[in-house]
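upload_23.tsv follows; it contains TSV, C-alpha atoms.
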```
chain	number	residue	atom	x	y	z
A	883	MET	CA	55.82	-290.89	38.23
A	884	LYS	CA	58.78	-288.53	38.02
A	885	VAL	CA	61.16	-289.70	35.28
A	886	VAL	CA	64.75	-288.79	34.51
A	887	PHE	CA	65.38	-289.51	30.84
A	888	TYR	CA	68.82	-290.41	29.50
A	889	GLY	CA	69.23	-290.44	25.70
A	890	THR	CA	71.14	-288.86	22.84
A	891	PRO	CA	70.43	-289.88	19.19
A	892	GLU	CA	67.30	-290.02	17.05
A	893	PHE	CA	66.67	-293.60	18.20
A	894	ALA	CA	65.76	-292.19	21.64
A	895	LEU	CA	63.30	-289.57	20.36
A	896	PRO	CA	60.13	-291.72	20.10
A	897	THR	CA	60.48	-292.74	23.75
A	898	LEU	CA	61.00	-289.15	24.87
A	899	GLU	CA	57.96	-288.10	22.83
A	900	ARG	CA	55.75	-290.80	24.36
A	901	LEU	CA	56.91	-289.92	27.87
A	902	ILE	CA	56.12	-286.25	27.27
A	903	ASP	CA	52.61	-287.23	26.11
A	904	SER	CA	52.07	-289.78	28.91
A	905	SER	CA	50.74	-289.36	32.43
A	906	HIS	CA	54.30	-289.47	33.75
A	907	GLU	CA	56.43	-286.36	34.31
A	908	VAL	CA	59.85	-286.00	32.68
A	909	VAL	CA	61.65	-283.93	35.31
A	910	ALA	CA	65.06	-283.79	33.57
A	911	VAL	CA	66.79	-284.94	30.39
A	912	VAL	CA	70.41	-286.07	30.46
A	913	THR	CA	72.18	-286.20	27.10
A	914	GLN	CA	75.67	-286.13	25.60
A	915	PRO	CA	77.48	-282.82	25.06
A	916	ASP	CA	77.14	-280.89	21.79
A	917	ARG	CA	79.72	-282.09	19.27
A	918	PRO	CA	81.18	-280.85	15.96
A	919	ALA	CA	79.31	-282.18	12.91
A	920	GLY	CA	79.26	-281.75	9.14
A	921	ARG	CA	81.92	-280.42	6.85
A	922	GLY	CA	82.13	-277.16	8.75
A	923	ARG	CA	82.53	-279.02	12.06
A	924	LYS	CA	79.91	-276.74	13.59
A	925	LEU	CA	79.06	-277.49	17.22
A	926	THR	CA	75.73	-279.34	17.01
A	927	PRO	CA	73.35	-280.40	19.80
A	928	PRO	CA	72.16	-284.02	19.90
A	929	PRO	CA	68.58	-284.68	18.71
A	930	VAL	CA	67.34	-285.40	22.24
A	931	LYS	CA	68.57	-282.03	23.48
A	932	VAL	CA	66.79	-280.21	20.65
A	933	ARG	CA	63.46	-281.90	21.41
A	934	ALA	CA	63.81	-281.49	25.18
A	935	LEU	CA	64.41	-277.76	24.87
A	936	GLU	CA	61.40	-277.45	22.55
A	937	ALA	CA	59.32	-279.12	25.25
A	938	GLY	CA	60.70	-276.81	27.94
A	939	LEU	CA	62.45	-279.59	29.83
A	940	PRO	CA	65.65	-279.13	31.87
A	941	VAL	CA	68.65	-280.43	29.88
A	942	ILE	CA	71.77	-281.72	31.63
A	943	GLN	CA	75.01	-282.45	29.74
A	944	TYR	CA	78.21	-283.92	31.15
A	945	LYS	CA	81.14	-285.48	29.31
A	946	SER	CA	81.19	-288.40	31.73
A	947	ALA	CA	78.36	-290.01	33.66
A	948	ARG	CA	80.91	-290.66	36.39
A	949	ASP	CA	81.31	-286.98	37.08
A	950	PRO	CA	80.14	-286.68	40.73
A	951	GLU	CA	78.47	-283.36	39.91
A	952	LEU	CA	75.95	-285.16	37.69
A	953	LEU	CA	74.66	-287.14	40.66
A	954	GLU	CA	74.36	-284.00	42.76
A	955	THR	CA	72.60	-282.18	39.91
A	956	LEU	CA	70.00	-284.94	39.62
A	957	ARG	CA	69.44	-285.57	43.30
A	958	PRO	CA	67.05	-282.62	43.89
A	959	TYR	CA	64.71	-283.94	41.19
A	960	ALA	CA	63.99	-287.00	43.41
A	961	PRO	CA	63.09	-289.23	40.42
A	962	ASP	CA	60.90	-292.28	40.82
A	963	VAL	CA	62.56	-294.01	37.87
A	964	ALA	CA	65.18	-293.42	35.20
A	965	VAL	CA	64.59	-294.34	31.55
A	966	VAL	CA	67.75	-294.91	29.49
A	967	VAL	CA	67.68	-295.13	25.67
A	968	ALA	CA	70.95	-295.03	23.71
A	969	TYR	CA	72.51	-292.51	26.08
A	970	GLY	CA	76.05	-293.41	25.00
A	971	ASN	CA	77.69	-293.58	28.42
A	972	ILE	CA	77.85	-296.28	31.09
A	973	LEU	CA	76.01	-295.24	34.24
A	974	PRO	CA	77.71	-295.91	37.58
A	975	LYS	CA	75.84	-297.64	40.39
A	976	THR	CA	75.28	-294.34	42.20
A	977	LEU	CA	73.19	-293.04	39.28
A	978	LEU	CA	71.45	-296.37	38.64
A	979	ASP	CA	70.28	-296.50	42.24
A	980	LEU	CA	69.30	-292.85	42.60
A	981	PRO	CA	65.65	-293.26	41.47
A	982	LYS	CA	63.24	-294.96	43.85
A	983	HIS	CA	62.55	-297.78	41.36
A	984	GLY	CA	65.99	-297.89	39.78
A	985	SER	CA	66.81	-297.47	36.09
A	986	LEU	CA	65.15	-299.08	33.06
A	987	ASN	CA	66.86	-299.45	29.69
A	988	ILE	CA	65.53	-300.12	26.20
A	989	HIS	CA	67.97	-302.39	24.37
A	990	ALA	CA	67.49	-303.06	20.65
A	991	SER	CA	67.80	-306.84	20.71
A	992	LEU	CA	66.21	-309.89	22.26
A	993	LEU	CA	68.54	-310.28	25.21
A	994	PRO	CA	70.83	-312.02	25.97
A	995	LYS	CA	71.63	-311.94	22.23
A	996	TYR	CA	73.58	-308.96	20.95
A	997	ARG	CA	74.67	-307.26	24.13
A	998	GLY	CA	76.67	-304.14	23.36
A	999	ALA	CA	76.77	-300.94	21.36
A	1000	ALA	CA	75.58	-302.08	17.90
A	1001	PRO	CA	72.89	-304.77	18.19
A	1002	ILE	CA	70.87	-303.61	15.17
A	1003	GLN	CA	73.81	-303.53	12.78
A	1004	TRP	CA	75.24	-306.91	13.78
A	1005	ALA	CA	71.83	-308.60	13.70
A	1006	ILE	CA	71.46	-307.62	10.03
A	1007	VAL	CA	75.06	-308.39	9.07
A	1008	ASN	CA	74.74	-311.83	10.66
A	1009	GLY	CA	71.57	-312.59	8.72
A	1010	GLU	CA	69.14	-312.78	11.65
A	1011	THR	CA	65.48	-313.07	10.69
A	1012	LYS	CA	64.12	-311.79	14.00
A	1013	SER	CA	65.00	-308.96	16.34
A	1014	GLY	CA	63.17	-306.94	18.94
A	1015	VAL	CA	63.50	-304.77	22.01
A	1016	SER	CA	64.16	-305.77	25.59
A	1017	ILE	CA	63.46	-303.60	28.61
A	1018	MET	CA	65.71	-304.47	31.50
A	1019	GLN	CA	66.34	-303.32	35.03
A	1020	MET	CA	69.85	-301.96	34.72
A	1021	ASP	CA	72.79	-303.20	36.74
A	1022	GLU	CA	76.49	-302.38	36.48
A	1023	GLY	CA	77.15	-304.90	33.70
A	1024	MET	CA	76.92	-304.36	29.94
A	1025	ASP	CA	73.27	-305.19	29.19
A	1026	THR	CA	73.24	-307.90	31.87
A	1027	GLY	CA	70.30	-306.79	34.02
A	1028	PRO	CA	67.10	-308.81	34.49
A	1029	GLU	CA	64.50	-308.41	31.74
A	1030	VAL	CA	61.07	-306.99	32.56
A	1031	ALA	CA	59.50	-306.93	29.07
A	1032	ARG	CA	60.23	-307.67	25.43
A	1033	ALA	CA	58.67	-307.32	21.99
A	1034	GLU	CA	59.73	-309.31	18.93
A	1035	VAL	CA	59.77	-308.14	15.30
A	1036	ASP	CA	60.62	-309.80	11.99
A	1037	ILE	CA	63.64	-308.56	10.05
A	1038	LEU	CA	62.38	-308.19	6.48
A	1039	GLU	CA	64.46	-309.14	3.46
A	1040	ASP	CA	64.88	-305.51	2.41
A	1041	ASP	CA	65.50	-304.12	5.91
A	1042	ASP	CA	68.68	-302.19	6.53
A	1043	ALA	CA	70.00	-300.79	9.81
A	1044	ILE	CA	68.11	-297.54	9.22
A	1045	SER	CA	64.68	-299.12	8.69
A	1046	LEU	CA	65.12	-301.67	11.48
A	1047	SER	CA	66.28	-298.97	13.88
A	1048	GLY	CA	63.17	-296.92	13.14
A	1049	MET	CA	60.90	-299.89	13.72
A	1050	LEU	CA	62.58	-300.87	17.00
A	1051	SER	CA	62.64	-297.31	18.34
A	1052	LEU	CA	58.86	-297.10	17.94
A	1053	GLN	CA	58.33	-300.58	19.39
A	1054	GLY	CA	60.52	-299.78	22.38
A	1055	SER	CA	58.84	-296.46	23.09
A	1056	ALA	CA	55.37	-298.01	23.29
A	1057	LEU	CA	56.60	-300.88	25.45
A	1058	MET	CA	58.40	-298.58	27.88
A	1059	VAL	CA	55.26	-296.55	28.60
A	1060	GLU	CA	53.37	-299.80	29.23
A	1061	VAL	CA	56.07	-300.86	31.69
A	1062	LEU	CA	55.97	-297.51	33.51
A	1063	ASP	CA	52.18	-297.65	33.74
A	1064	GLU	CA	52.45	-301.13	35.27
A	1065	LEU	CA	55.15	-299.98	37.68
A	1066	GLU	CA	53.00	-297.07	38.84
A	1067	ALA	CA	49.93	-299.29	39.27
A	1068	LYS	CA	51.63	-302.19	41.07
A	1069	GLY	CA	54.61	-300.51	42.74
A	1070	SER	CA	57.02	-303.12	41.37
A	1071	LEU	CA	57.87	-305.13	38.25
A	1072	GLU	CA	58.33	-308.83	37.70
A	1073	SER	CA	61.65	-309.62	36.04
A	1074	THR	CA	63.47	-312.60	34.57
A	1075	GLU	CA	67.20	-313.19	34.96
A	1076	GLN	CA	69.00	-313.44	31.63
A	1077	ASP	CA	70.61	-316.70	30.54
A	1078	HIS	CA	74.15	-315.35	30.69
A	1079	ALA	CA	75.61	-318.52	29.16
A	1080	SER	CA	73.68	-317.83	25.94
A	1081	ALA	CA	74.83	-314.21	25.60
A	1082	THR	CA	76.30	-312.94	22.34
A	1083	ARG	CA	78.12	-309.69	21.72
A	1084	ALA	CA	77.43	-306.70	19.48
A	1085	PRO	CA	80.59	-304.62	19.84
A	1086	MET	CA	81.05	-301.06	18.66
A	1087	ILE	CA	81.60	-300.92	14.89
A	1088	SER	CA	84.83	-299.74	13.32
A	1089	LYS	CA	85.43	-298.68	9.72
A	1090	ASP	CA	87.52	-301.81	9.21
A	1091	ASP	CA	84.51	-304.00	10.09
A	1092	ALA	CA	82.72	-302.58	7.03
A	1093	ARG	CA	85.42	-303.36	4.47
A	1094	ILE	CA	83.98	-305.89	2.02
A	1095	ASN	CA	85.64	-309.25	1.59
A	1096	TRP	CA	84.64	-310.24	-1.96
A	1097	SER	CA	85.38	-313.92	-1.32
A	1098	LEU	CA	82.19	-314.01	0.77
A	1099	ASN	CA	79.06	-315.04	-1.08
A	1100	ALA	CA	76.72	-312.37	-2.46
A	1101	GLU	CA	74.15	-312.79	0.31
A	1102	LYS	CA	76.71	-311.92	2.98
A	1103	VAL	CA	77.99	-308.94	1.00
A	1104	ILE	CA	74.42	-307.62	0.66
A	1105	LEU	CA	73.90	-308.03	4.40
A	1106	MET	CA	77.05	-306.02	5.06
A	1107	ILE	CA	75.84	-303.22	2.79
A	1108	ARG	CA	72.45	-303.15	4.53
A	1109	GLY	CA	73.81	-303.57	8.04
A	1110	PHE	CA	76.41	-300.82	7.94
A	1111	LEU	CA	74.01	-298.03	6.95
A	1112	PRO	CA	74.16	-295.13	7.62
A	1113	TRP	CA	77.64	-295.54	9.15
A	1114	PRO	CA	80.35	-296.51	8.41
A	1115	ARG	CA	78.88	-297.86	5.13
A	1116	ALA	CA	80.31	-300.94	3.46
A	1117	TRP	CA	83.34	-300.03	1.40
A	1118	THR	CA	86.10	-301.33	-0.84
A	1119	MET	CA	89.21	-300.11	-2.60
A	1120	LYS	CA	90.00	-299.89	-6.32
A	1121	LYS	CA	93.72	-299.27	-6.40
A	1122	GLU	CA	94.04	-296.13	-4.25
A	1123	ASP	CA	90.37	-295.10	-4.52
A	1124	ARG	CA	87.77	-295.83	-1.84
A	1125	TYR	CA	84.20	-296.67	-2.86
A	1126	ALA	CA	81.26	-296.84	-0.44
A	1127	PHE	CA	78.20	-298.96	-1.26
A	1128	THR	CA	74.75	-298.04	0.04
A	1129	GLY	CA	72.43	-300.21	-2.04
A	1130	ALA	CA	72.63	-303.78	-3.37
A	1131	GLU	CA	70.50	-306.73	-4.36
A	1132	ALA	CA	70.91	-310.28	-5.59
A	1133	CYS	CA	72.15	-310.71	-9.15
A	1134	ALA	CA	70.87	-313.61	-11.22
A	1135	ALA	CA	73.41	-315.66	-13.17
A	1136	GLU	CA	71.50	-315.15	-16.44
A	1137	TRP	CA	72.20	-311.41	-16.25
A	1138	LEU	CA	75.95	-312.08	-16.51
A	1139	PRO	CA	78.38	-313.13	-19.24
A	1140	GLY	CA	78.72	-316.87	-19.68
A	1141	ASN	CA	82.31	-316.86	-18.43
A	1142	ALA	CA	81.58	-314.80	-15.28
A	1143	PHE	CA	82.34	-317.60	-12.85
A	1144	GLU	CA	85.46	-318.97	-14.48
A	1145	ASP	CA	88.37	-319.25	-12.04
A	1146	ARG	CA	90.52	-316.84	-14.07
A	1147	ILE	CA	88.12	-313.98	-13.20
A	1148	PRO	CA	88.84	-312.91	-9.60
A	1149	THR	CA	86.28	-312.06	-6.97
A	1150	GLY	CA	85.76	-308.31	-6.78
A	1151	ALA	CA	85.73	-307.96	-10.57
A	1152	VAL	CA	83.02	-305.83	-12.19
A	1153	LEU	CA	81.28	-308.29	-14.50
A	1154	GLU	CA	78.48	-306.38	-16.17
A	1155	ALA	CA	76.49	-303.13	-16.23
A	1156	LEU	CA	72.70	-303.41	-16.20
A	1157	LYS	CA	71.01	-300.38	-17.71
A	1158	GLY	CA	69.06	-298.34	-15.20
A	1159	ARG	CA	69.86	-300.75	-12.37
A	1160	GLY	CA	73.55	-300.93	-11.48
A	1161	PHE	CA	76.67	-303.00	-11.97
A	1162	ALA	CA	77.43	-306.59	-11.06
A	1163	VAL	CA	80.45	-307.61	-8.97
A	1164	LYS	CA	81.74	-311.17	-8.64
A	1165	CYS	CA	81.59	-312.66	-5.14
A	1166	GLY	CA	82.60	-316.01	-3.67
A	1167	GLU	CA	80.85	-319.33	-4.15
A	1168	LYS	CA	80.02	-318.50	-7.80
A	1169	THR	CA	77.66	-315.65	-6.88
A	1170	ALA	CA	77.44	-311.99	-7.83
A	1171	VAL	CA	75.95	-308.88	-6.27
A	1172	LEU	CA	74.21	-306.06	-8.11
A	1173	ILE	CA	75.36	-302.69	-6.73
A	1174	THR	CA	72.47	-300.24	-7.04
A	1175	ARG	CA	73.85	-297.29	-4.99
A	1176	VAL	CA	77.47	-296.21	-4.72
A	1177	GLN	CA	79.57	-293.25	-3.69
A	1178	PRO	CA	82.74	-293.05	-5.80
A	1179	PRO	CA	85.72	-291.13	-4.37
A	1180	GLY	CA	85.24	-287.37	-4.42
A	1181	LYS	CA	81.67	-287.62	-5.74
A	1182	PRO	CA	78.16	-287.67	-4.25
A	1183	GLU	CA	76.22	-290.87	-3.76
A	1184	MET	CA	74.61	-292.03	-7.00
A	1185	GLY	CA	72.88	-294.93	-8.71
A	1186	GLY	CA	75.08	-297.83	-9.71
A	1187	PHE	CA	74.41	-297.41	-13.43
A	1188	ASP	CA	75.02	-293.66	-13.15
A	1189	ALA	CA	78.49	-294.49	-11.84
A	1190	VAL	CA	79.10	-296.58	-14.97
A	1191	ASN	CA	77.80	-293.84	-17.26
A	1192	GLY	CA	80.01	-291.28	-15.53
A	1193	GLY	CA	83.12	-293.42	-15.87
A	1194	SER	CA	83.67	-294.02	-12.16
A	1195	VAL	CA	83.11	-297.76	-12.65
A	1196	LYS	CA	83.94	-299.84	-15.72
A	1197	ILE	CA	83.40	-303.46	-16.67
A	1198	GLY	CA	86.64	-305.25	-15.83
A	1199	ASP	CA	87.50	-303.02	-12.85
A	1200	LEU	CA	88.75	-304.91	-9.80
A	1201	PHE	CA	87.68	-304.06	-6.27
A	1202	GLU	CA	90.24	-305.31	-3.79
```
Rewrite the structure of this file - the entire thing - as C-alpha cells.
Amino acid sequence: MKVVFYGTPEFALPTLERLIDSSHEVVAVVTQPDRPAGRGRKLTPPPVKVRALEAGLPVIQYKSARDPELLETLRPYAPDVAVVVAYGNILPKTLLDLPKHGSLNIHASLLPKYRGAAPIQWAIVNGETKSGVSIMQMDEGMDTGPEVARAEVDILEDDDAISLSGMLSLQGSALMVEVLDELEAKGSLESTEQDHASATRAPMISKDDARINWSLNAEKVILMIRGFLPWPRAWTMKKEDRYAFTGAEACAAEWLPGNAFEDRIPTGAVLEALKGRGFAVKCGEKTAVLITRVQPPGKPEMGGFDAVNGGSVKIGDLFE
C-alpha cells in the first residue's frame, strides 16, 4: 500500500524504519519545520526529516496542518493510508479522509486512558504499573477514534520517561506494520469504539508541573524525577538558585540521622550525604529520597555526592 507518514521526533523513527523495510511504500513524509536548537540556536531539522532524506523520501514541511496547500501537495500521491506518529499537529478532517483507508495513529497509552500530548510522562508520574500502545482510526477528536489494535507492557520500577518511550516506540512500530499487513490482506480493519466515559487526560507538560512539592512522600517525588525526563526535568529552588534532579531512589531510614523525621526539621531539608551515592532530602509522610543525579545552577549534570563534594549542596540546605 502507498503510505503517507506523519511524524517528527525520535519516538516516530522506529515506525518509519519498519515502514521503509516493509512491503508497503512510503510515498511522502510530513514533518514539522526545522527549529532552532542548542545554545547556538542553530536551525535544526527534526529526526524524522533527517532519516527520510537519507532514505530518499519526499519530505513535506508546513507550520500548520490546516494550511490548504498541504492537502493539495499530498493529493497527487493518492495514498492508501496515512500513518501518524507524534507528528505534533492536529490534522483536519480533509487530511484525515484523503487516504483511501483513512488515517491510523500510534498513541502511547492504553486508550481511553491518557489521551493527550504527554501520556508516557503522566503514566510514570501517576505511578501506573502498566502502559502500552493503541492504534486507532483517527477522527477529529483528541485521541477519540475507534481502536484497531493494542499492545500492553509493564512499567518497571526503574523505568523513566526515556526508557518507557523507547520501549513503546518499538512496540508501536511492530504493531503498526501488522495492522497495515492485515488492512492490505482484508481490505478493512475491525475496530472497537472507545469507552469515552472512562477517558483520562495527559495534557502537555509545563515547567511548573515539574516543580517538586517536598510535602509529597518520597515515592511520588521519585516518580516525578523519573517521569519528567528528559524535559522539563523535576526541579526545586534553594533561595534564588534552581536545581534540576535527574536521578533518585528510595532512601532507607537507617541511612539517616536519628532526628531526621522530627517535626522541627522541614520537608525539603538535606539530611545526609552518602559517600559515592548522593544526598538525602526529607519528604512528607516521614520519608526521604536519595538524590543520585543533579544539575546545580550554572554547572553540568553530576552525581549527587559530587555535588556535595563540590559545595553545591550541603547538609542542612533547604530546598523550597
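Distance annotation: of A:Leu1052, A:Met1119, A:Val886, A:Cys1133, the residue with the minimal separation from Ile942 of chain A is A:Val886; atom set is all atoms listed in the file.
As for atom CA of Ala1067 of chain A and atom CA of Leu980 of chain A, they are spaced 20.7 Å apart.
Each of A:Thr976, A:Thr890, A:Ser991, A:Thr1026 was compared to Lys1012 of chain A using only C-alpha atoms, and A:Ser991 turns out to be the nearest.
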**OP:** Return the single residue from A:Glu1202, A:Glu1167, A:Asp903, A:Glu1131 that is closest to Asp1041 of chain A, with distances computed using all atoms listed in the file.
**Re:** A:Glu1131
Using only C-alpha atoms, what table do you get, as JSON lines, when you list each residue of segment 987-1062 of chain A with an atom no more than 12 Å from segment 1069-1078 of chain A, its nearest pair of atoms, and their distance in Å rounded to one decimal, rows by chain then rising number?
```
{"residue": "A:Leu992", "atom": "CA", "partner": "A:Gln1076", "partner_atom": "CA", "distance": 10.4}
{"residue": "A:Leu993", "atom": "CA", "partner": "A:Gln1076", "partner_atom": "CA", "distance": 7.2}
{"residue": "A:Pro994", "atom": "CA", "partner": "A:Gln1076", "partner_atom": "CA", "distance": 6.1}
{"residue": "A:Lys995", "atom": "CA", "partner": "A:His1078", "partner_atom": "CA", "distance": 9.5}
{"residue": "A:Tyr996", "atom": "CA", "partner": "A:His1078", "partner_atom": "CA", "distance": 11.7}
{"residue": "A:Arg997", "atom": "CA", "partner": "A:His1078", "partner_atom": "CA", "distance": 10.4}
{"residue": "A:Ser1016", "atom": "CA", "partner": "A:Gln1076", "partner_atom": "CA", "distance": 10.9}
{"residue": "A:Ile1017", "atom": "CA", "partner": "A:Ser1073", "partner_atom": "CA", "distance": 9.7}
{"residue": "A:Met1018", "atom": "CA", "partner": "A:Ser1073", "partner_atom": "CA", "distance": 8.0}
{"residue": "A:Gln1019", "atom": "CA", "partner": "A:Ser1073", "partner_atom": "CA", "distance": 7.9}
{"residue": "A:Met1020", "atom": "CA", "partner": "A:Ser1073", "partner_atom": "CA", "distance": 11.3}
{"residue": "A:Asp1021", "atom": "CA", "partner": "A:Glu1075", "partner_atom": "CA", "distance": 11.6}
{"residue": "A:Gly1023", "atom": "CA", "partner": "A:His1078", "partner_atom": "CA", "distance": 11.3}
{"residue": "A:Met1024", "atom": "CA", "partner": "A:His1078", "partner_atom": "CA", "distance": 11.4}
{"residue": "A:Asp1025", "atom": "CA", "partner": "A:Gln1076", "partner_atom": "CA", "distance": 9.6}
{"residue": "A:Thr1026", "atom": "CA", "partner": "A:Gln1076", "partner_atom": "CA", "distance": 7.0}
{"residue": "A:Gly1027", "atom": "CA", "partner": "A:Glu1075", "partner_atom": "CA", "distance": 7.2}
{"residue": "A:Pro1028", "atom": "CA", "partner": "A:Glu1075", "partner_atom": "CA", "distance": 4.4}
{"residue": "A:Glu1029", "atom": "CA", "partner": "A:Thr1074", "partner_atom": "CA", "distance": 5.2}
{"residue": "A:Val1030", "atom": "CA", "partner": "A:Ser1073", "partner_atom": "CA", "distance": 4.4}
{"residue": "A:Ala1031", "atom": "CA", "partner": "A:Ser1073", "partner_atom": "CA", "distance": 7.8}
{"residue": "A:Arg1032", "atom": "CA", "partner": "A:Thr1074", "partner_atom": "CA", "distance": 10.9}
{"residue": "A:Glu1060", "atom": "CA", "partner": "A:Leu1071", "partner_atom": "CA", "distance": 11.4}
{"residue": "A:Val1061", "atom": "CA", "partner": "A:Leu1071", "partner_atom": "CA", "distance": 8.0}
{"residue": "A:Leu1062", "atom": "CA", "partner": "A:Leu1071", "partner_atom": "CA", "distance": 9.2}
```
Original post:
Separation of atom CA of Leu939 of chain A and atom CA of Ile902 of chain A, in Å?
Top reply: 9.5 Å
